[in-house]
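Data first, discussion second: the structure below is written as structure tokens.
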Amino acid sequence: MGHFLWSILFARKHFVWSEIVLILNFFNILSLYATHKTYSIKPLKVWALIHLPTAALPFSWLLLAIFWNGAVMFHVHKFVGRVVSNVLIWDFLLAPGLLLVAYNDWGVGFSSAALMFGLGLGQFFTKVFALQWIFAFVIAGVLFVLSAIAAITGSLGTSRAVVDEEAP
């Protein structure tokens with residue numbers, strides 16, 4: 001419902017209201033993520049059917065859509081807007097990276113990496129001499145590598161050391 005309402009508002013150029021809808025939908029996905037803990041579902045087949053479409057992919061898309069809608073809303077085409085965009089693009093590494101380290105959620109990592117790769121390609125074909133596409137490719141690469149490590153090893157940022165207690 002939130003995505004449908006956003007698309008109607010965005011198409012009719014009601015950018016402030018569409019931003020509010022995106023933020024509300026983002027908090028809705030965050031509450032689902034925290035309450036239902038879909039990232040911990042086992043086995044992998046069920047995880048892919050439940051976690052990816054209900055939490056991981058919507059989280060990544062909403063994070064991108066909030067910044068995209070904000071850029072359209074504030075007409076970010078001048079020098080100051082481009083500088084702010086070059087700084088804020090690093091949030092796309094921070095948020096998924098936090099979920100990778102805290103919850104080992106490589107679904108969010110891979111989906112965010114794919115979106116950043118797409119953003120990098122789009123920016124590259126828009127402006128060849130710009131920093132944003134370079135930053136997007138760096139973020140996509142880091143997220144992809146961290147997500148692959150988390151998916152293969154089963155842990156990222158958490159110690160799996162077993163403490164051997166002595167018997168009394």
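Identifiers for the structure tokens are assigned positionally: chains receive A, B, ... in sequence, residues are indexed from 1 per chain, and ligands are indexed from 1 in the order shown.
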Problem set entry | Phe10 (chain A) surroundings by only C-alpha atoms, 12 Å radius, close-in-sequence under 5 positions cut, as a PyMOL selection string | chain A and resi 2-5+15-22+65-66+68-70+72-73
For this session: For His51 (chain A), work out the shell of residues within 10 Å, counting only C-alpha atoms and skipping chain neighbours fewer than 2 positions away, then give it as a PyMOL selection string.
Result: chain A and resi 33+36-41+44+46-49+53-58+105+107-108
For this session: Using only C-alpha atoms, pick whichever of A:Ile29, A:Leu24, A:Val142, A:Ile8 has the shortest atom-to-atom distance to Leu94 (chain A).
Result: A:Val142
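Atom pair CA of Leu88 (chain A) / CA of Asn28 (chain A): separated by 22.4 Å.
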Exercise. Which polymer residues have any atom within 12 Å of an atom of Val145 (chain A), counting only C-alpha atoms, with same-chain residues fewer than 4 positions away left out, as an MDAnalysis selection string?
Worked result: chainID A and resid 97 100 106 109:110 113 138:141 149:153 156
